[in-house]
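Here is query.pdb, consisting of PDB, C-alpha atoms, pLDDT in the B column:
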```pdb
ATOM      1  CA  MET R  15      53.794 127.463   3.762  1.00 75.00           C
ATOM      2  CA  LEU R  16      50.564 128.923   2.298  1.00 89.00           C
ATOM      3  CA  GLY R  17      52.493 131.509   0.316  1.00 89.00           C
ATOM      4  CA  LEU R  18      53.214 133.500   3.464  1.00 93.00           C
ATOM      5  CA  PRO R  19      56.338 135.718   3.556  1.00 92.00           C
ATOM      6  CA  PRO R  20      59.517 133.646   4.036  1.00 94.00           C
ATOM      7  CA  THR R  21      60.409 135.848   7.005  1.00 95.00           C
ATOM      8  CA  THR R  22      57.507 134.246   8.895  1.00 95.00           C
ATOM      9  CA  ASP R  23      58.778 130.695   8.442  1.00 95.00           C
ATOM     10  CA  VAL R  24      59.573 128.730  11.573  1.00 93.00           C
ATOM     11  CA  LYS R  25      59.807 125.011  12.177  1.00 88.00           C
ATOM     12  CA  ARG R  26      59.271 124.197  15.802  1.00 93.00           C
ATOM     13  CA  PRO R  27      57.719 120.921  16.911  1.00 94.00           C
ATOM     14  CA  LEU R  28      54.849 120.969  19.362  1.00 91.00           C
ATOM     15  CA  PRO R  29      55.113 117.603  21.132  1.00 91.00           C
ATOM     16  CA  LYS R  30      51.828 116.006  22.079  1.00 90.00           C
ATOM     17  CA  VAL R  31      53.285 115.025  25.451  1.00 89.00           C
ATOM     18  CA  GLN R  32      53.693 118.711  26.326  1.00 88.00           C
ATOM     19  CA  LEU R  33      50.078 119.390  25.357  1.00 88.00           C
ATOM     20  CA  PHE R  34      48.827 116.558  27.538  1.00 89.00           C
ATOM     21  CA  LYS R  35      50.814 117.887  30.505  1.00 88.00           C
ATOM     22  CA  ARG R  36      49.751 121.490  29.964  1.00 89.00           C
ATOM     23  CA  PHE R  37      46.056 121.077  29.241  1.00 90.00           C
ATOM     24  CA  ASP R  38      43.496 119.629  31.602  1.00 86.00           C
ATOM     25  CA  TRP R  39      42.192 116.995  29.212  1.00 90.00           C
ATOM     26  CA  THR R  40      40.470 113.831  30.325  1.00 91.00           C
ATOM     27  CA  PRO R  41      42.099 110.468  29.542  1.00 91.00           C
ATOM     28  CA  SER R  42      39.472 109.826  26.846  1.00 92.00           C
ATOM     29  CA  GLN R  43      40.178 113.218  25.231  1.00 91.00           C
ATOM     30  CA  ARG R  44      43.919 112.528  25.238  1.00 92.00           C
ATOM     31  CA  ASP R  45      43.383 109.073  23.747  1.00 92.00           C
ATOM     32  CA  ARG R  46      41.099 110.418  21.039  1.00 92.00           C
ATOM     33  CA  PHE R  47      43.525 113.201  20.146  1.00 93.00           C
ATOM     34  CA  ASP R  48      46.482 110.804  20.124  1.00 93.00           C
ATOM     35  CA  GLY R  49      44.538 108.465  17.859  1.00 93.00           C
ATOM     36  CA  GLU R  50      43.758 111.265  15.382  1.00 94.00           C
ATOM     37  CA  VAL R  51      46.994 113.303  15.294  1.00 95.00           C
ATOM     38  CA  SER R  52      50.488 112.032  14.520  1.00 94.00           C
ATOM     39  CA  ARG R  53      52.424 115.298  15.066  1.00 94.00           C
ATOM     40  CA  LEU R  54      52.155 119.080  15.328  1.00 95.00           C
ATOM     41  CA  ASP R  55      54.535 121.853  14.287  1.00 95.00           C
ATOM     42  CA  PHE R  56      54.580 125.641  14.503  1.00 94.00           C
ATOM     43  CA  VAL R  57      55.350 126.586  10.892  1.00 95.00           C
ATOM     44  CA  ASN R  58      54.687 130.353  10.682  1.00 95.00           C
ATOM     45  CA  TRP R  59      54.819 133.307  13.053  1.00 96.00           C
ATOM     46  CA  ILE R  60      53.231 136.527  11.794  1.00 96.00           C
ATOM     47  CA  SER R  61      54.049 139.645  13.783  1.00 95.00           C
ATOM     48  CA  PRO R  62      55.646 143.077  13.298  1.00 94.00           C
ATOM     49  CA  HIS R  63      58.961 141.318  13.984  1.00 94.00           C
ATOM     50  CA  THR R  64      58.580 139.010  10.991  1.00 95.00           C
ATOM     51  CA  VAL R  65      56.541 141.337   8.727  1.00 93.00           C
ATOM     52  CA  PRO R  66      57.624 144.922   9.593  1.00 91.00           C
ATOM     53  CA  ALA R  67      55.082 146.450   7.207  1.00 91.00           C
ATOM     54  CA  ILE R  68      52.231 145.181   9.403  1.00 93.00           C
ATOM     55  CA  ALA R  69      51.479 147.003  12.643  1.00 95.00           C
ATOM     56  CA  VAL R  70      50.367 145.353  15.852  1.00 94.00           C
ATOM     57  CA  GLY R  71      46.597 145.357  16.311  1.00 93.00           C
ATOM     58  CA  ASN R  72      44.455 146.454  19.223  1.00 93.00           C
ATOM     59  CA  GLU R  73      43.373 142.868  19.840  1.00 94.00           C
ATOM     60  CA  VAL R  74      45.802 140.737  17.852  1.00 95.00           C
ATOM     61  CA  LYS R  75      49.507 140.944  18.702  1.00 95.00           C
ATOM     62  CA  GLU R  76      50.729 137.909  16.729  1.00 96.00           C
ATOM     63  CA  ILE R  77      49.353 135.088  14.598  1.00 96.00           C
ATOM     64  CA  PHE R  78      50.658 131.526  14.429  1.00 96.00           C
ATOM     65  CA  VAL R  79      50.214 128.815  11.832  1.00 96.00           C
ATOM     66  CA  VAL R  80      50.248 125.281  13.210  1.00 96.00           C
ATOM     67  CA  GLU R  81      50.507 122.264  10.942  1.00 96.00           C
ATOM     68  CA  VAL R  82      48.645 119.204  12.188  1.00 96.00           C
ATOM     69  CA  GLN R  83      49.534 115.862  10.635  1.00 96.00           C
ATOM     70  CA  LEU R  84      46.506 113.584  10.764  1.00 96.00           C
ATOM     71  CA  LYS R  85      46.559 109.806  10.949  1.00 95.00           C
ATOM     72  CA  ARG R  86      43.476 109.453   8.769  1.00 94.00           C
ATOM     73  CA  ARG R  87      41.447 111.595   6.387  1.00 92.00           C
ATOM     74  CA  CYS R  88      38.125 110.952   8.108  1.00 91.00           C
ATOM     75  CA  PHE R  89      38.964 112.441  11.484  1.00 90.00           C
ATOM     76  CA  ASP R  90      36.865 113.605  14.422  1.00 89.00           C
ATOM     77  CA  ILE R  91      36.659 117.397  14.216  1.00 90.00           C
ATOM     78  CA  LYS R  92      36.167 117.478  17.997  1.00 89.00           C
ATOM     79  CA  SER R  93      39.858 116.651  18.431  1.00 91.00           C
ATOM     80  CA  ILE R  94      40.931 119.792  16.552  1.00 92.00           C
ATOM     81  CA  GLU R  95      38.283 121.889  18.270  1.00 92.00           C
ATOM     82  CA  LEU R  96      39.638 120.684  21.611  1.00 91.00           C
ATOM     83  CA  LEU R  97      43.125 121.832  20.588  1.00 92.00           C
ATOM     84  CA  ALA R  98      41.907 125.187  19.270  1.00 92.00           C
ATOM     85  CA  LYS R  99      40.008 125.958  22.466  1.00 89.00           C
ATOM     86  CA  ALA R 100      43.002 125.031  24.605  1.00 89.00           C
ATOM     87  CA  ILE R 101      45.467 127.350  22.830  1.00 89.00           C
ATOM     88  CA  PRO R 102      44.632 131.000  23.645  1.00 86.00           C
ATOM     89  CA  GLN R 103      46.636 132.538  20.777  1.00 91.00           C
ATOM     90  CA  HIS R 104      45.340 133.481  17.339  1.00 96.00           C
ATOM     91  CA  VAL R 105      46.129 130.361  15.324  1.00 96.00           C
ATOM     92  CA  VAL R 106      45.439 129.126  11.813  1.00 96.00           C
ATOM     93  CA  TYR R 107      45.586 125.327  11.610  1.00 96.00           C
ATOM     94  CA  VAL R 108      46.747 123.463   8.515  1.00 96.00           C
ATOM     95  CA  LEU R 109      45.290 119.963   8.767  1.00 96.00           C
ATOM     96  CA  ARG R 110      47.202 117.553   6.556  1.00 95.00           C
ATOM     97  CA  TYR R 111      46.682 113.997   5.455  1.00 95.00           C
ATOM     98  CA  GLU R 112      49.120 112.686   2.847  1.00 92.00           C
ATOM     99  CA  ASP R 113      49.056 115.228  -0.029  1.00 92.00           C
ATOM    100  CA  GLU R 114      45.785 116.937   0.964  1.00 94.00           C
ATOM    101  CA  SER R 115      45.176 119.791   3.382  1.00 94.00           C
ATOM    102  CA  MET R 116      42.409 121.905   4.821  1.00 94.00           C
ATOM    103  CA  LEU R 117      42.588 125.116   6.836  1.00 95.00           C
ATOM    104  CA  ALA R 118      40.855 125.572  10.164  1.00 95.00           C
ATOM    105  CA  VAL R 119      40.314 128.511  12.495  1.00 94.00           C
ATOM    106  CA  HIS R 120      38.388 128.885  15.730  1.00 92.00           C
ATOM    107  CA  TYR R 121      36.007 131.855  15.726  1.00 89.00           C
ATOM    108  CA  SER R 122      33.062 131.186  18.057  1.00 83.00           C
ATOM    109  CA  LYS R 123      33.415 127.621  16.776  1.00 86.00           C
ATOM    110  CA  LEU R 124      35.799 125.705  14.533  1.00 90.00           C
ATOM    111  CA  HIS R 125      35.517 126.561  10.841  1.00 91.00           C
ATOM    112  CA  THR R 126      37.256 124.579   8.100  1.00 92.00           C
ATOM    113  CA  THR R 127      37.811 124.795   4.364  1.00 92.00           C
ATOM    114  CA  PRO R 128      37.235 121.838   2.035  1.00 92.00           C
ATOM    115  CA  TRP R 129      40.082 119.418   1.387  1.00 94.00           C
ATOM    116  CA  GLN R 130      42.406 120.402  -1.440  1.00 91.00           C
ATOM    117  CA  HIS R 131      45.870 119.533  -2.708  1.00 91.00           C
ATOM    118  CA  ALA R 132      48.439 120.836  -0.247  1.00 84.00           C
ATOM    119  CA  LYS R 133      50.602 122.443  -2.937  1.00 85.00           C
ATOM    120  CA  GLY R 134      47.732 124.579  -4.176  1.00 81.00           C
ATOM    121  CA  MET R 135      46.825 126.118  -0.827  1.00 87.00           C
ATOM    122  CA  SER R 136      47.492 129.779  -0.093  1.00 89.00           C
ATOM    123  CA  LEU R 137      46.475 132.306   2.529  1.00 91.00           C
ATOM    124  CA  PRO R 138      47.137 135.881   1.357  1.00 89.00           C
ATOM    125  CA  VAL R 139      48.074 138.415   4.012  1.00 90.00           C
ATOM    126  CA  CYS R 140      45.760 141.435   3.734  1.00 86.00           C
ATOM    127  CA  GLY R 141      45.607 144.361   6.132  1.00 87.00           C
ATOM    128  CA  ILE R 142      47.651 147.187   7.597  1.00 90.00           C
ATOM    129  CA  ASN R 143      47.617 145.729  11.107  1.00 94.00           C
ATOM    130  CA  LEU R 144      47.263 142.313  12.714  1.00 96.00           C
ATOM    131  CA  ASP R 145      43.602 142.847  13.618  1.00 94.00           C
ATOM    132  CA  LYS R 146      42.839 143.202   9.907  1.00 92.00           C
ATOM    133  CA  VAL R 147      45.164 140.369   8.911  1.00 94.00           C
ATOM    134  CA  TRP R 148      43.444 138.031  11.355  1.00 94.00           C
ATOM    135  CA  GLU R 149      40.017 139.129  10.160  1.00 91.00           C
ATOM    136  CA  GLY R 150      41.129 138.520   6.575  1.00 91.00           C
ATOM    137  CA  PHE R 151      42.307 135.006   7.462  1.00 93.00           C
ATOM    138  CA  VAL R 152      39.023 134.197   9.188  1.00 92.00           C
ATOM    139  CA  ARG R 153      37.006 135.556   6.259  1.00 90.00           C
ATOM    140  CA  GLN R 154      38.973 133.483   3.764  1.00 90.00           C
ATOM    141  CA  ILE R 155      38.574 130.281   5.781  1.00 91.00           C
ATOM    142  CA  VAL R 156      34.933 130.809   6.713  1.00 86.00           C
ATOM    143  CA  GLY R 157      34.151 132.043   3.201  1.00 77.00           C
ATOM    144  CA  THR R 158      32.250 135.220   4.110  1.00 56.00           C
ATOM    145  CA  SER R 159      34.208 137.667   1.954  1.00 54.00           C
ATOM    146  CA  LEU R 160      37.262 137.934  -0.251  1.00 48.00           C
ATOM    147  CA  CYS R 161      40.594 138.952   1.232  1.00 50.00           C
ATOM    148  CA  ASP R 162      40.914 142.043  -0.940  1.00 46.00           C
ATOM    149  CA  VAL R 163      37.942 143.719   0.753  1.00 44.00           C
ATOM    150  CA  ALA R 164      39.024 142.938   4.305  1.00 43.00           C
ATOM    151  CA  ASP R 165      40.088 146.550   4.848  1.00 47.00           C
ATOM    152  CA  ASP R 166      37.030 148.071   3.167  1.00 49.00           C
ATOM    153  CA  SER R 167      34.951 148.486   6.307  1.00 51.00           C
ATOM    154  CA  ASP R 168      32.519 150.859   4.582  1.00 52.00           C
ATOM    155  CA  HIS R 169      31.284 148.121   2.243  1.00 58.00           C
ATOM    156  CA  ILE R 170      31.243 144.931   4.322  1.00 63.00           C
ATOM    157  CA  LYS R 171      29.420 143.868   7.431  1.00 71.00           C
ATOM    158  CA  PRO R 172      31.228 143.225  10.715  1.00 75.00           C
ATOM    159  CA  LEU R 173      32.805 139.782  10.760  1.00 74.00           C
ATOM    160  CA  ALA R 174      30.725 138.488  13.678  1.00 73.00           C
ATOM    161  CA  GLU R 175      27.516 139.567  11.926  1.00 74.00           C
ATOM    162  CA  GLU R 176      28.519 137.902   8.664  1.00 73.00           C
ATOM    163  CA  ILE R 177      29.406 134.646  10.393  1.00 71.00           C
ATOM    164  CA  ALA R 178      26.125 134.670  12.337  1.00 72.00           C
ATOM    165  CA  GLU R 179      24.216 135.101   9.061  1.00 71.00           C
ATOM    166  CA  LEU R 180      26.261 132.352   7.433  1.00 71.00           C
ATOM    167  CA  GLU R 181      25.512 129.963  10.299  1.00 72.00           C
ATOM    168  CA  GLN R 182      21.817 130.847  10.114  1.00 75.00           C
ATOM    169  CA  ARG R 183      21.736 130.107   6.380  1.00 74.00           C
ATOM    170  CA  GLU R 184      23.477 126.786   7.033  1.00 75.00           C
ATOM    171  CA  LYS R 185      20.904 125.948   9.715  1.00 80.00           C
ATOM    172  CA  ILE R 186      18.060 126.696   7.295  1.00 84.00           C
ATOM    173  CA  ARG R 187      19.732 124.601   4.583  1.00 81.00           C
ATOM    174  CA  ARG R 188      19.878 121.622   6.937  1.00 84.00           C
ATOM    175  CA  GLN R 189      16.225 122.118   7.891  1.00 85.00           C
ATOM    176  CA  ILE R 190      15.213 122.189   4.222  1.00 88.00           C
ATOM    177  CA  GLU R 191      17.167 119.010   3.488  1.00 87.00           C
ATOM    178  CA  SER R 192      15.529 117.257   6.442  1.00 90.00           C
ATOM    179  CA  LEU R 193      12.053 118.314   5.321  1.00 87.00           C
ATOM    180  CA  GLN R 194      12.768 117.207   1.761  1.00 89.00           C
ATOM    181  CA  ARG R 195      13.791 113.774   2.992  1.00 90.00           C
ATOM    182  CA  GLN R 196      10.576 113.537   5.006  1.00 90.00           C
ATOM    183  CA  MET R 197       8.523 114.675   2.005  1.00 88.00           C
ATOM    184  CA  ASN R 198      10.143 112.074  -0.246  1.00 90.00           C
ATOM    185  CA  ALA R 199       9.550 109.331   2.320  1.00 90.00           C
ATOM    186  CA  THR R 200       5.878 109.993   3.068  1.00 89.00           C
ATOM    187  CA  LYS R 201       3.099 108.596   0.893  1.00 89.00           C
ATOM    188  CA  GLN R 202       0.320 110.752   2.315  1.00 90.00           C
ATOM    189  CA  PRO R 203      -0.603 113.588  -0.099  1.00 87.00           C
ATOM    190  CA  ARG R 204      -1.763 115.846   2.723  1.00 88.00           C
ATOM    191  CA  ARG R 205       1.485 115.392   4.651  1.00 89.00           C
ATOM    192  CA  LYS R 206       3.499 115.954   1.471  1.00 85.00           C
ATOM    193  CA  ARG R 207       1.676 119.245   0.950  1.00 86.00           C
ATOM    194  CA  GLU R 208       2.319 120.330   4.541  1.00 87.00           C
ATOM    195  CA  LEU R 209       6.020 119.571   4.237  1.00 87.00           C
ATOM    196  CA  TYR R 210       6.197 121.342   0.885  1.00 84.00           C
ATOM    197  CA  ASN R 211       4.633 124.473   2.413  1.00 87.00           C
ATOM    198  CA  GLU R 212       7.135 124.363   5.302  1.00 85.00           C
ATOM    199  CA  ILE R 213       9.997 124.183   2.799  1.00 86.00           C
ATOM    200  CA  GLN R 214       8.657 127.126   0.824  1.00 87.00           C
ATOM    201  CA  LYS R 215       8.437 129.247   3.982  1.00 83.00           C
ATOM    202  CA  LEU R 216      12.089 128.531   4.748  1.00 83.00           C
ATOM    203  CA  ILE R 217      13.159 129.298   1.175  1.00 83.00           C
ATOM    204  CA  ILE R 218      11.403 132.655   1.269  1.00 68.00           C
TER     205      ILE R 218
END
```

Serialized structure, structure tokens:
Amino acid sequence: MLGLPPTTDVKRPLPKVQLFKRFDWTPSQRDRFDGEVSRLDFVNWISPHTVPAIAVGNEVKEIFVVEVQLKRRCFDIKSIELLAKAIPQHVVYVLRYEDESMLAVHYSKLHTTPWQHAKGMSLPVCGINLDKVWEGFVRQIVGTSLCDVADDSDHIKPLAEEIAELEQREKIRRQIESLQRQMNATKQPRRKRELYNEIQKLII
């Protein structure tokens, strides 16, 4: 799975019934999750026990990969976010529908990659300890930096800072798109000019 070391491979089902008993979800949350997800499996366990060359981290002691089989491609991301918030461990989620997959990780919020063919997905392990490995996974999924610089702390910003900047840029992008739609819809030259000036301020 994901090109991870074979020593990390596990195949342990995670029955939905156990989740519903363990987590304090409302009936509507359980129904929504059950309607979105067909099954879950632990597929990888990354720790010093399975990868001896990697040391335990100060914060991260082990990392799991959970495969989530979806019932439909257009799913409600809130169902996966609900799962990610409920499980306290450091987990990478592989969301699968037929022959496509996307990766997801919860870091302040749920982040996902685009859909791609399942056979072409990989998640390189980079770092001398599990703190760095986890940071590398998050960076690859969020798209802030490449894996091969995850240990180069002198040349990259802290992960939380990078993600905050990324989210701010995404917020500005959405604002620009909204203003552009308003500008295209209005017929008043003065209002068009005002909206254009607002867009230019955001671009700068």

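Taking atom CA of R:Leu173 as the reference point, atom CA of R:Gly150 is found at 9.4 Å.
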
Residues matched by the PyMOL selection byres ((chain R and resi 79) around 6), written as a short mmCIF file (atom, residue, chain, number, x, y, z; two decimals) with C-alpha atoms, keeping the file's coordinate frame:
```cif
data_model
loop_
_atom_site.label_atom_id
_atom_site.label_comp_id
_atom_site.auth_asym_id
_atom_site.auth_seq_id
_atom_site.Cartn_x
_atom_site.Cartn_y
_atom_site.Cartn_z
CA VAL R 57 55.35 126.59 10.89
CA ASN R 58 54.69 130.35 10.68
CA PHE R 78 50.66 131.53 14.43
CA VAL R 80 50.25 125.28 13.21
CA VAL R 105 46.13 130.36 15.32
CA VAL R 106 45.44 129.13 11.81
CA TYR R 107 45.59 125.33 11.61
#
```

As a check of understanding, name the residues that the PyMOL selection byres ((chain R and resi 66-75) around 7) selects in the supplied structure, as a PyMOL selection string.
chain R and resi 61-65+76+142-145

Could the residues in this selection be saved with C-alpha atoms as an mmCIF file, keeping the file's coordinate frame?
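Output saved as out-v6.cif:
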```
data_model
loop_
_atom_site.group_PDB
_atom_site.id
_atom_site.type_symbol
_atom_site.label_atom_id
_atom_site.label_comp_id
_atom_site.auth_asym_id
_atom_site.auth_seq_id
_atom_site.Cartn_x
_atom_site.Cartn_y
_atom_site.Cartn_z
ATOM 1 C CA SER R 61 54.049 139.645 13.783
ATOM 2 C CA PRO R 62 55.646 143.077 13.298
ATOM 3 C CA HIS R 63 58.961 141.318 13.984
ATOM 4 C CA THR R 64 58.580 139.010 10.991
ATOM 5 C CA VAL R 65 56.541 141.337 8.727
ATOM 6 C CA GLU R 76 50.729 137.909 16.729
ATOM 7 C CA ILE R 142 47.651 147.187 7.597
ATOM 8 C CA ASN R 143 47.617 145.729 11.107
ATOM 9 C CA LEU R 144 47.263 142.313 12.714
ATOM 10 C CA ASP R 145 43.602 142.847 13.618
#
```

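Atom CA of R:Thr21 sits 24.7 Å away from atom CA of R:His120.
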
>> If we count all atoms listed in the file and set the cut-off at 10 Å, which residues sit around stretch 127-138 of chain R, ignoring sequence neighbours fewer than 3 positions away in its own chain? Please answer as a ChimeraX atom specification.
In response: /R:15-19,87,106,108-119,141,147,150-151,154-157,161-162

Around all the atoms of stretch 140-156 of chain R listed in the file, with 3 Å of room on each side, what axis-aligned box do you get, giving centre and edge lengths in Å to one decimal, as JSON?
```
{"center_x": 41.3, "center_y": 138.7, "center_z": 8.7, "size_x": 18.7, "size_y": 22.9, "size_z": 15.9}
```

- Task: Skip R:Glu176 itself and residues of its chain fewer than 3 positions away, then list as number ranges by chain all residues within 12 Å of it, counting all atoms listed in the file.
- Result: R: 121, 149, 152-153, 156-159, 170-173, 179-183

Would you kindly translate the PyMOL selection byres ((chain R and resi 83) around 8) into the concrete residues it picks from this file, as a PyMOL selection string? chain R and resi 51-54+81-82+84-85+109-111

ask   = Do you know which residues are at most 12 Å from R:Arg44 counting all atoms listed in the file, after dropping those on the same chain fewer than 2 positions away, and could you put them as number ranges by chain?
value = R: 30-42, 46-51, 92-94, 96-97

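For the pair atom CA of R:Arg187 and atom CA of R:Lys215, the separation is 12.2 Å.
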
Judged by all atoms listed in the file, the minimum distance to R:Val24 among R:Ala98, R:Asp45, R:Trp59, R:Ser122 is found for R:Trp59

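Counting only C-alpha atoms and comparing R:Glu212, R:Glu184, R:Lys123, R:Leu28, the residue that lies closest to R:Met197 is R:Glu212.
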